[in-house]
Amino acid sequence: MNLHAFYNSKYIGDDLLIRLCSQREVTHYQQYHDLCVLYHHDQVIGYNLFHASTYISSLQDGKVKITPEFVEQLNRV
């Protein structure tokens with residue numbers, strides 16, 4: 001699994017975009033409060049986290065560095 005995260009508050013707002021694989025076609029999604037889980041058929045392919053700065057500290061625009069602290073904060077969502 002490849003974990004890529006991107007944040008750009010200026011152009012997309014306080015939303016964190018997380019991609020888990022190279023599949024780009026979203027067939028459906030489920031939203032749980034500020035977390036939107038993206039699916040390609042039955043496979044989870046990514047997440048969108050709205051109001052991301054509420055959940056993840058030290059976000060800066062651009063590609064997000066994946067650290068143990070980042071993963072821990074993401075898992076709490």
# chains A, B, ... in the order shown; residues from 1 in each chain; ligands from 1
$ select_by_dssp --residues "chain A" --states "strand (DSSP E or B)" --output "ChimeraX atom specification"
/A:4-7,15-19,28-32,35-40,43-50,62-63
$ write_last_selection --atoms "C-alpha atoms" --output "PDB file, in the first residue's frame"
ATOM      1  CA  HIS A   4       0.230   9.766  -0.107  1.00  0.00           C
ATOM      2  CA  ALA A   5      -1.331  12.823   1.507  1.00  0.00           C
ATOM      3  CA  PHE A   6      -1.777  16.317   0.118  1.00  0.00           C
ATOM      4  CA  TYR A   7      -2.954  19.538   1.768  1.00  0.00           C
ATOM      5  CA  ASP A  15      -9.172  19.445   3.482  1.00  0.00           C
ATOM      6  CA  LEU A  16      -6.593  16.679   3.551  1.00  0.00           C
ATOM      7  CA  LEU A  17      -6.578  14.372   0.523  1.00  0.00           C
ATOM      8  CA  ILE A  18      -5.186  10.899   1.167  1.00  0.00           C
ATOM      9  CA  ARG A  19      -4.523   8.341  -1.544  1.00  0.00           C
ATOM     10  CA  HIS A  28     -18.759   5.329  -4.374  1.00  0.00           C
ATOM     11  CA  TYR A  29     -18.010   6.885  -1.006  1.00  0.00           C
ATOM     12  CA  GLN A  30     -19.234   6.891   2.585  1.00  0.00           C
ATOM     13  CA  GLN A  31     -19.065   9.953   4.777  1.00  0.00           C
ATOM     14  CA  TYR A  32     -18.653   9.813   8.545  1.00  0.00           C
ATOM     15  CA  LEU A  35     -14.127  11.809   7.093  1.00  0.00           C
ATOM     16  CA  CYS A  36     -15.084  10.678   3.593  1.00  0.00           C
ATOM     17  CA  VAL A  37     -13.948   7.156   2.648  1.00  0.00           C
ATOM     18  CA  LEU A  38     -13.415   6.702  -1.102  1.00  0.00           C
ATOM     19  CA  TYR A  39     -13.967   3.318  -2.769  1.00  0.00           C
ATOM     20  CA  HIS A  40     -13.295   1.662  -6.094  1.00  0.00           C
ATOM     21  CA  GLN A  43     -11.586  -1.492  -2.197  1.00  0.00           C
ATOM     22  CA  VAL A  44     -10.802   1.569  -0.078  1.00  0.00           C
ATOM     23  CA  ILE A  45      -8.637   3.798  -2.279  1.00  0.00           C
ATOM     24  CA  GLY A  46      -8.448   6.963  -0.236  1.00  0.00           C
ATOM     25  CA  TYR A  47      -9.872   9.433   2.234  1.00  0.00           C
ATOM     26  CA  ASN A  48     -10.819  13.071   2.286  1.00  0.00           C
ATOM     27  CA  LEU A  49     -10.607  14.648   5.720  1.00  0.00           C
ATOM     28  CA  PHE A  50     -12.571  17.882   6.013  1.00  0.00           C
ATOM     29  CA  GLY A  62       1.927  20.600  -0.273  1.00  0.00           C
ATOM     30  CA  LYS A  63       2.704  16.921   0.020  1.00  0.00           C
TER      31      LYS A  63
END
$ residues_around --residues "Tyr55 of chain A" --least-positions-apart "6" --cutoff "8 Å" --atoms "only C-alpha atoms" --output "PyMOL selection string"
chain A and resi 73-74+77
$ select_by_dssp --residues "segment 4-68 of chain A" --states "alpha helix (DSSP H)" --output "PyMOL selection string"
chain A and resi 9-12+52-55+68
$ write_last_selection --atoms "N, CA and C atoms" --output "short mmCIF file (atom, residue, chain, number, x, y, z; two decimals), in the first residue's frame"
data_model
loop_
_atom_site.label_atom_id
_atom_site.label_comp_id
_atom_site.auth_asym_id
_atom_site.auth_seq_id
_atom_site.Cartn_x
_atom_site.Cartn_y
_atom_site.Cartn_z
N SER A 9 -4.48 24.50 1.67
CA SER A 9 -5.55 25.29 2.27
C SER A 9 -5.97 26.47 1.38
N LYS A 10 -5.05 26.97 0.59
CA LYS A 10 -5.36 28.14 -0.25
C LYS A 10 -6.34 27.79 -1.36
N TYR A 11 -6.18 26.65 -2.00
CA TYR A 11 -6.97 26.31 -3.17
C TYR A 11 -8.10 25.31 -2.92
N ILE A 12 -7.93 24.42 -1.97
CA ILE A 12 -9.01 23.44 -1.73
C ILE A 12 -9.62 23.57 -0.34
N ALA A 52 -9.40 19.47 8.32
CA ALA A 52 -8.24 18.65 8.66
C ALA A 52 -7.40 19.22 9.79
N SER A 53 -7.25 20.54 9.84
CA SER A 53 -6.39 21.13 10.86
C SER A 53 -6.96 20.95 12.27
N THR A 54 -8.23 20.59 12.36
CA THR A 54 -8.84 20.28 13.64
C THR A 54 -8.29 18.96 14.19
N TYR A 55 -7.93 18.05 13.30
CA TYR A 55 -7.51 16.70 13.67
C TYR A 55 -6.00 16.47 13.58
N PRO A 68 5.25 8.79 11.94
CA PRO A 68 4.46 8.04 12.92
C PRO A 68 3.44 8.94 13.63
#
$ atom_distance --atom1 "atom CA of Ser58 of chain A" --atom2 "atom CA of Asn8 of chain A"
12.8 Å
$ atom_distance --atom1 "atom CA of Leu59 of chain A" --atom2 "atom CA of Gln23 of chain A"
24.9 Å
$ atom_distance --atom1 "atom CA of Asn2 of chain A" --atom2 "atom CA of Ile66 of chain A"
10.7 Å
